[in-house]
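Engineer: Got upload-v8.txt for you, compact mmCIF, C-alpha atoms:
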# COMPACT_ATOMS: atom_id res chain seq x y z
CA MET A 1 30.49 51.35 -8.93
CA GLY A 2 32.27 54.59 -8.66
CA ARG A 3 35.40 55.99 -7.18
CA LEU A 4 36.47 57.67 -3.97
CA LEU A 5 36.82 61.36 -4.73
CA ALA A 6 38.96 62.71 -1.97
CA GLU A 7 41.62 65.37 -1.81
CA GLY A 8 43.65 65.09 1.35
CA ASP A 9 41.17 64.82 4.18
CA THR A 10 38.26 66.30 2.26
CA PHE A 11 35.53 64.04 0.94
CA ALA A 12 34.08 65.08 -2.42
CA PRO A 13 30.69 63.36 -2.69
CA PRO A 14 29.79 61.50 -5.89
CA GLY A 15 27.67 63.33 -8.41
CA VAL A 16 26.63 63.50 -12.03
CA LYS A 17 30.25 63.19 -13.20
CA ASP A 18 30.34 59.61 -11.87
CA PHE A 19 27.71 58.59 -14.44
CA PHE A 20 29.95 59.58 -17.36
CA LEU A 21 32.11 56.49 -17.60
CA PRO A 22 35.24 56.44 -19.77
CA PRO A 23 35.23 54.31 -22.94
CA ILE A 24 36.32 50.71 -22.58
CA PHE A 25 37.66 50.68 -26.13
CA GLY A 26 37.14 53.09 -28.99
CA GLY A 27 33.93 54.94 -28.25
CA VAL A 28 32.25 51.97 -26.54
CA THR A 29 31.33 52.55 -22.90
CA LYS A 30 30.27 50.21 -20.12
CA PRO A 31 26.54 51.11 -20.40
CA MET A 32 26.63 50.27 -24.11
CA VAL A 33 28.13 46.86 -23.41
CA LEU A 34 25.58 46.22 -20.65
CA MET A 35 22.73 47.19 -22.96
CA VAL A 36 23.80 44.65 -25.57
CA LEU A 37 24.40 42.06 -22.85
CA SER A 38 20.86 42.56 -21.54
CA ILE A 39 19.47 41.64 -24.97
CA LEU A 40 21.49 38.44 -24.90
CA ILE A 41 20.41 37.65 -21.33
CA VAL A 42 16.69 38.10 -22.02
CA SER A 43 16.88 36.18 -25.29
CA ALA A 44 18.89 33.32 -23.79
CA PHE A 45 16.58 33.08 -20.78
CA PHE A 46 13.44 32.52 -22.84
CA LEU A 47 15.11 30.39 -25.51
CA ILE A 48 16.76 28.03 -23.03
CA THR A 49 13.76 27.71 -20.70
CA SER A 50 11.39 27.00 -23.60
CA ARG A 51 13.53 24.44 -25.45
CA ASN A 52 12.20 21.41 -23.62
CA MET A 53 8.81 22.32 -22.20
CA LYS A 54 7.23 19.77 -19.87
CA ILE A 55 3.81 19.35 -18.31
CA ILE A 56 5.47 19.38 -14.90
CA PRO A 57 7.78 22.37 -15.29
CA SER A 58 11.30 22.59 -13.99
CA LYS A 59 12.28 25.53 -11.79
CA TRP A 60 13.53 27.54 -14.76
CA GLN A 61 10.50 26.71 -16.89
CA PHE A 62 8.24 27.73 -14.02
CA ALA A 63 10.15 31.02 -13.68
CA ALA A 64 9.83 31.75 -17.40
CA GLU A 65 6.14 30.87 -17.42
CA SER A 66 5.55 33.09 -14.39
CA VAL A 67 7.26 36.05 -16.05
CA TYR A 68 5.31 35.44 -19.27
CA ASP A 69 2.00 35.10 -17.42
CA PHE A 70 2.70 38.30 -15.49
CA GLY A 71 3.48 40.28 -18.65
CA ARG A 72 0.59 38.76 -20.59
CA ASN A 73 -2.24 38.84 -18.08
CA SER A 74 -1.29 41.31 -15.36
CA ILE A 75 0.02 43.99 -17.70
CA ALA A 76 -1.01 43.58 -21.37
CA ARG A 77 -4.46 42.10 -20.86
CA GLU A 78 -5.39 44.39 -17.98
CA GLN A 79 -4.35 47.58 -19.75
CA ILE A 80 -5.17 46.89 -23.40
CA GLY A 81 -8.27 44.75 -22.98
CA SER A 82 -9.08 41.10 -23.51
CA LYS A 83 -10.13 41.59 -27.15
CA GLU A 84 -7.02 43.28 -28.54
CA PHE A 85 -4.12 42.56 -26.20
CA LYS A 86 -2.63 39.42 -27.80
CA PRO A 87 -0.60 41.06 -30.63
CA PHE A 88 1.10 43.29 -28.05
CA VAL A 89 2.14 40.63 -25.54
CA PRO A 90 5.63 40.17 -27.07
CA LEU A 91 6.27 43.91 -26.97
CA ILE A 92 5.08 44.39 -23.39
CA LEU A 93 6.92 41.30 -22.15
CA THR A 94 10.10 42.44 -23.89
CA LEU A 95 9.85 45.94 -22.45
CA PHE A 96 9.33 44.59 -18.93
CA THR A 97 12.18 42.06 -18.98
CA PHE A 98 14.56 44.36 -20.87
CA VAL A 99 14.10 47.28 -18.48
CA LEU A 100 14.20 44.92 -15.51
CA VAL A 101 17.59 43.43 -16.45
CA ASN A 102 19.06 46.86 -17.14
CA ASN A 103 17.77 48.15 -13.81
CA LEU A 104 19.05 45.16 -11.84
CA TYR A 105 22.57 45.78 -13.11
CA GLY A 106 22.72 48.46 -10.43
CA ILE A 107 22.94 45.92 -7.59
CA ILE A 108 24.92 43.16 -9.29
CA PRO A 109 28.47 42.97 -7.88
CA PHE A 110 31.25 44.12 -10.24
CA VAL A 111 28.64 45.54 -12.62
CA GLN A 112 26.84 47.98 -10.34
CA PHE A 113 25.55 50.42 -12.91
CA PRO A 114 21.87 50.62 -13.93
CA THR A 115 21.95 51.50 -17.60
CA MET A 116 18.57 53.22 -17.34
CA ALA A 117 20.41 55.85 -15.25
CA LYS A 118 21.70 57.13 -18.61
CA ILE A 119 18.82 59.23 -19.93
CA GLY A 120 19.48 58.34 -23.57
CA PHE A 121 18.46 54.70 -23.12
CA PRO A 122 14.97 55.21 -21.62
CA ILE A 123 14.33 58.06 -24.06
CA ALA A 124 15.20 55.76 -26.96
CA LEU A 125 12.79 53.11 -25.66
CA ALA A 126 9.99 55.60 -25.06
CA VAL A 127 10.37 57.73 -28.19
CA LEU A 128 11.55 55.17 -30.74
CA VAL A 129 9.56 52.14 -29.60
CA VAL A 130 6.53 52.89 -27.42
CA TYR A 131 5.56 56.27 -28.90
CA PRO A 132 5.28 55.19 -32.57
CA VAL A 133 3.56 51.91 -31.66
CA TYR A 134 0.63 53.37 -29.76
CA HIS A 135 0.10 56.20 -32.23
CA PHE A 136 0.35 53.83 -35.19
CA VAL A 137 -2.31 51.47 -33.82
CA GLY A 138 -4.48 54.45 -32.93
CA PHE A 139 -4.29 55.94 -36.43
CA LYS A 140 -4.81 52.49 -37.96
CA LYS A 141 -7.97 51.81 -35.98
CA HIS A 142 -9.62 55.23 -35.94
CA GLY A 143 -8.19 56.89 -39.05
CA PHE A 144 -6.12 60.07 -39.05
CA VAL A 145 -8.82 62.58 -38.19
CA GLY A 146 -10.70 60.10 -36.04
CA TYR A 147 -7.64 59.35 -33.91
CA LEU A 148 -6.77 63.02 -33.46
CA LYS A 149 -10.30 63.61 -32.26
CA HIS A 150 -10.21 60.46 -30.14
CA ALA A 151 -6.92 61.45 -28.50
CA THR A 152 -7.50 65.15 -27.94
CA VAL A 153 -11.23 65.86 -27.67
CA PRO A 154 -12.76 64.81 -24.34
CA PRO A 155 -16.28 63.44 -24.96
CA GLY A 156 -19.22 64.99 -23.22
CA ALA A 157 -17.48 68.23 -22.27
CA PRO A 158 -19.18 71.57 -22.93
CA LEU A 159 -18.11 73.23 -26.18
CA ALA A 160 -16.33 76.06 -24.38
CA ILE A 161 -14.20 73.57 -22.45
CA TYR A 162 -12.84 72.07 -25.68
CA PHE A 163 -10.73 75.18 -26.27
CA LEU A 164 -9.05 74.63 -22.90
CA LEU A 165 -8.78 70.84 -22.74
CA THR A 166 -7.95 70.00 -26.35
CA PRO A 167 -4.51 71.69 -26.36
CA ILE A 168 -3.74 70.08 -22.99
CA GLU A 169 -4.77 66.64 -24.22
CA PHE A 170 -2.75 67.08 -27.41
CA LEU A 171 0.33 68.14 -25.44
CA GLN A 172 -0.04 65.19 -23.10
CA LYS A 173 -0.65 62.52 -25.75
CA PHE A 174 1.85 63.68 -28.37
CA VAL A 175 4.61 65.34 -26.32
CA LEU A 176 4.56 64.63 -22.59
CA ASN A 177 3.70 60.91 -22.47
CA PRO A 178 6.99 59.64 -23.93
CA ILE A 179 9.01 62.18 -21.96
CA THR A 180 7.46 61.32 -18.61
CA LEU A 181 7.70 57.60 -19.40
CA ALA A 182 11.45 57.94 -19.91
CA VAL A 183 12.16 60.40 -17.11
CA ARG A 184 10.32 58.31 -14.51
CA VAL A 185 12.58 55.27 -14.80
CA PHE A 186 15.69 57.41 -15.40
CA ALA A 187 15.16 59.53 -12.29
CA ALA A 188 14.54 56.51 -10.07
CA MET A 189 17.64 54.67 -11.29
CA PHE A 190 19.83 57.78 -11.20
CA ALA A 191 18.79 58.75 -7.67
CA GLY A 192 19.02 55.21 -6.33
CA HIS A 193 22.50 54.64 -7.73
CA LEU A 194 23.67 57.99 -6.43
CA ILE A 195 22.43 57.18 -2.91
CA LEU A 196 24.26 53.84 -2.97
CA LEU A 197 27.43 55.63 -4.07
CA VAL A 198 27.15 58.15 -1.25
CA PHE A 199 26.82 55.53 1.50
CA THR A 200 29.38 53.12 0.06
CA LEU A 201 32.07 55.65 -0.77
CA GLY A 202 31.32 57.60 2.38
CA GLY A 203 31.94 54.47 4.43
CA GLU A 204 35.20 53.86 2.56
CA TYR A 205 36.32 57.43 3.19
CA LEU A 206 35.49 57.22 6.91
CA LEU A 207 37.41 53.98 7.26
CA LEU A 208 40.52 55.14 5.42
CA HIS A 209 40.72 58.86 6.10
CA ALA A 210 38.62 59.77 9.16
CA PRO A 211 40.16 60.22 12.63
CA GLY A 212 40.27 57.05 14.76
CA PRO A 213 37.09 57.67 16.80
CA LEU A 214 35.06 58.18 13.61
CA LYS A 215 36.24 55.07 11.78
CA PRO A 216 33.54 52.80 13.32
CA VAL A 217 30.94 55.12 11.77
CA SER A 218 31.95 53.58 8.44
CA LEU A 219 30.10 50.42 9.52
CA VAL A 220 26.93 52.46 9.94
CA SER A 221 27.36 53.93 6.47
CA TRP A 222 27.83 50.47 4.95
CA ALA A 223 24.83 49.15 6.89
CA PHE A 224 22.73 51.87 5.29
CA ALA A 225 24.22 50.95 1.90
CA ILE A 226 23.12 47.33 2.37
CA ALA A 227 19.63 48.39 3.46
CA MET A 228 19.36 50.76 0.51
CA THR A 229 20.45 47.96 -1.82
CA PHE A 230 17.39 45.91 -0.85
CA LEU A 231 15.17 48.96 -1.26
CA GLU A 232 16.78 49.73 -4.60
CA ALA A 233 16.14 46.16 -5.79
CA PHE A 234 12.43 46.64 -5.05
CA ILE A 235 12.38 49.98 -6.87
CA GLN A 236 14.19 48.49 -9.86
CA VAL A 237 11.55 45.80 -10.26
CA LEU A 238 8.77 48.31 -9.64
CA GLN A 239 10.07 50.74 -12.26
CA ALA A 240 10.31 48.00 -14.87
CA TYR A 241 6.71 47.10 -14.10
CA ILE A 242 5.58 50.73 -14.29
CA PHE A 243 7.36 51.26 -17.62
CA ALA A 244 5.65 48.23 -19.16
CA LEU A 245 2.33 49.08 -17.49
CA LEU A 246 2.24 52.64 -18.83
CA SER A 247 3.33 51.46 -22.28
CA ALA A 248 0.42 49.01 -22.34
CA ASN A 249 -1.89 51.69 -20.98
CA TYR A 250 -0.99 54.09 -23.79
CA ILE A 251 -1.69 51.36 -26.35
CA GLY A 252 -4.98 50.57 -24.63
CA GLN A 253 -6.02 54.22 -24.70
CA ALA A 254 -5.16 54.49 -28.38
CA LEU A 255 -7.31 51.44 -29.19
CA ALA A 256 -10.20 52.22 -26.87
CA GLU A 257 -13.55 53.03 -28.38
CA ASP A 258 -14.10 55.81 -25.87
CA HIS A 259 -11.57 58.49 -24.95
What would you get if you wrote out this structure as structure tokens?
Structural biologist:
Amino acid sequence: MGRLLAEGDTFAPPGVKDFFLPPIFGGVTKPMVLMVLSILIVSAFFLITSRNMKIIPSKWQFAAESVYDFGRNSIAREQIGSKEFKPFVPLILTLFTFVLVNNLYGIIPFVQFPTMAKIGFPIALAVLVVYPVYHFVGFKKHGFVGYLKHATVPPGAPLAIYFLLTPIEFLQKFVLNPITLAVRVFAAMFAGHLILLVFTLGGEYLLLHAPGPLKPVSLVSWAFAIAMTFLEAFIQVLQAYIFALLSANYIGQALAEDH
């Protein structure tokens, strides 16, 4: 989860340096291993729970069906529309579960590192997966010129306003959307993990290095760490939902008949 950075009686709080983990072997780091492991976890979950489907589902089948129904109906269908959402259900469901597992690593004992706190991973998802998908379907449906007009020209605005809004719309659709999509989940995971480090390592420092009267304060610090863990779990689920929701929303906007 981190390490106690103390020199003598001085506590050095955790910071950005604690997110740069040393290689486990070669150039492979812990976040890389966790990323690959998350693919195996998500794949195994759906493969195992769907092997022997029954009319009366088991607990695991019910869990898998609930996750699928949530991704299909509450995210993909709501954001893309009932006519065109079906081809995108696998993508949206995969994004949701993949980001969720990588976020939840942050509160799993002995793992305790949300891989989405490394900016490269959410950027890769946003720029290499979501970004080309929603632009591709937009160009495919509306044509090259038609999609550019669809994405950047607000309908019904006075002609003079086009000169102001069109560059803003272009910047948002083609530059800012993938960046904000990645930064949102990264910032939440980075900040949450850093807060947990502060309370946990601060409590350890107080217990081991603080004067006698201050040692009981370590219990307060750890109590806050436990409370923040529950809050962080909620945020981790929420951020996975928001990432999938916005991804579906971008696809829905690209396919929409109106801007």
Engineer: Go through A:Ile226, A:Leu181, A:Val67, A:Leu246 and flag the residue nearest A:Pro90, using only C-alpha atoms for the distances.
Structural biologist: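 Of all the options, A:Val67 lies closest to A:Pro90.
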Engineer: For A:Val89, list every protein, DNA or RNA residue within 8 Å, evaluated using all atoms listed in the file, and leave out those in the same chain fewer than 6 positions away; present the list as a list of chain:residue names.
Structural biologist: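 My list of contacting residues is A:Gly71, A:Arg72, A:Ala76.
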Engineer: With distances taken over all atoms listed in the file, which residue among A:Val101, A:Leu95, A:Ala117, A:Ile24 lies nearest A:Gly192?
Structural biologist: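 Selected residue with least distance to A:Gly192: A:Ala117.
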Engineer: Can you pull out the residues contacting A:Leu245? Cut-off 12 Å, using all atoms listed in the file, and skip same-chain residues under 5 positions away; I want them as a PyMOL selection string.
Structural biologist: chain A and resi 70-80+89+91-93+95-96+99+130+181+238-240+250-252
Engineer: Provide an axis-aligned box for all listed atoms of stretch 180-193 of chain A, padding each side by 8 Å; report its centre and its edge lengths in Å to one decimal, as AutoDock Vina command-line options.
Structural biologist:
--center_x 15.0 --center_y 58.0 --center_z -13.1 --size_x 31.0 --size_y 22.7 --size_z 29.6
Engineer: Could the residues of stretch 92-128 of chain A that have an atom at most 8 Å from stretch 36-51 of chain A be listed as JSON lines, each with its closest atom pair and the distance in Å to one decimal, counting only C-alpha atoms and ordered by chain and ascending residue number?
Structural biologist:
{"residue": "A:Thr97", "atom": "CA", "partner": "A:Val42", "partner_atom": "CA", "distance": 6.7}
{"residue": "A:Phe98", "atom": "CA", "partner": "A:Ser38", "partner_atom": "CA", "distance": 6.6}
{"residue": "A:Val101", "atom": "CA", "partner": "A:Ser38", "partner_atom": "CA", "distance": 6.1}
{"residue": "A:Asn102", "atom": "CA", "partner": "A:Ser38", "partner_atom": "CA", "distance": 6.4}
Engineer: State, in Å with one decimal place, the distance from atom CA of A:Tyr241 to atom CA of A:Phe85.
Structural biologist: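 It comes out at 16.9 Å.
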Engineer: Just how far from atom CA of A:Leu255 is atom CA of A:Tyr147, in Å to one decimal?
Structural biologist: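 Taking atom CA of A:Tyr147 as the start and atom CA of A:Leu255 as the end point, the length is 9.2 Å.
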Engineer: Could you check which of A:Ala227, A:Ile168, A:Lys215, A:Ala254 is closest to A:His150, using all atoms listed in the file?
Structural biologist: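 Counting all atoms listed in the file, the residue closest to A:His150 is A:Ala254.
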Engineer: Can you tell me, as number ranges by chain, which residues sit within 12 Å of (6.0, 59.0, -31.8) in the file's frame, using only C-alpha atoms?
Structural biologist: A: 123-139, 173-179, 250
Engineer: Just want the 12 Å neighbourhood of A:Leu219, counted on only C-alpha atoms, with same-chain residues fewer than 3 positions away dropped. Output as number ranges by chain.
Structural biologist: A: 199-207, 214-216, 222-226
Engineer: May I have the selected residues written with C-alpha atoms, as a compact mmCIF listing (two decimals), in the coordinates of the input?
Structural biologist:
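Done, and the output landed in again_7.txt:
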# COMPACT_ATOMS: atom_id res chain seq x y z
CA PHE A 199 26.82 55.53 1.50
CA THR A 200 29.38 53.12 0.06
CA LEU A 201 32.07 55.65 -0.77
CA GLY A 202 31.32 57.60 2.38
CA GLY A 203 31.94 54.47 4.43
CA GLU A 204 35.20 53.86 2.56
CA TYR A 205 36.32 57.43 3.19
CA LEU A 206 35.49 57.22 6.91
CA LEU A 207 37.41 53.98 7.26
CA LEU A 214 35.06 58.18 13.61
CA LYS A 215 36.24 55.07 11.78
CA PRO A 216 33.54 52.80 13.32
CA TRP A 222 27.83 50.47 4.95
CA ALA A 223 24.83 49.15 6.89
CA PHE A 224 22.73 51.87 5.29
CA ALA A 225 24.22 50.95 1.90
CA ILE A 226 23.12 47.33 2.37
Engineer: Just how far from atom CA of A:Met32 is atom CA of A:Pro122, in Å to one decimal?
Structural biologist: 12.9 Å
Engineer: Would you please work out which residue, of A:Gly146, A:Gly120, A:Gly27, A:Gly81, is nearest to A:Phe186 when using all atoms listed in the file?
Structural biologist: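 The closest residue to A:Phe186 is A:Gly120.
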Engineer: Looking at A:Thr166, A:Asn103, A:Ile161, A:Phe113, which one is nearest to A:Phe243, with distances taken over only C-alpha atoms?
Structural biologist: A:Asn103
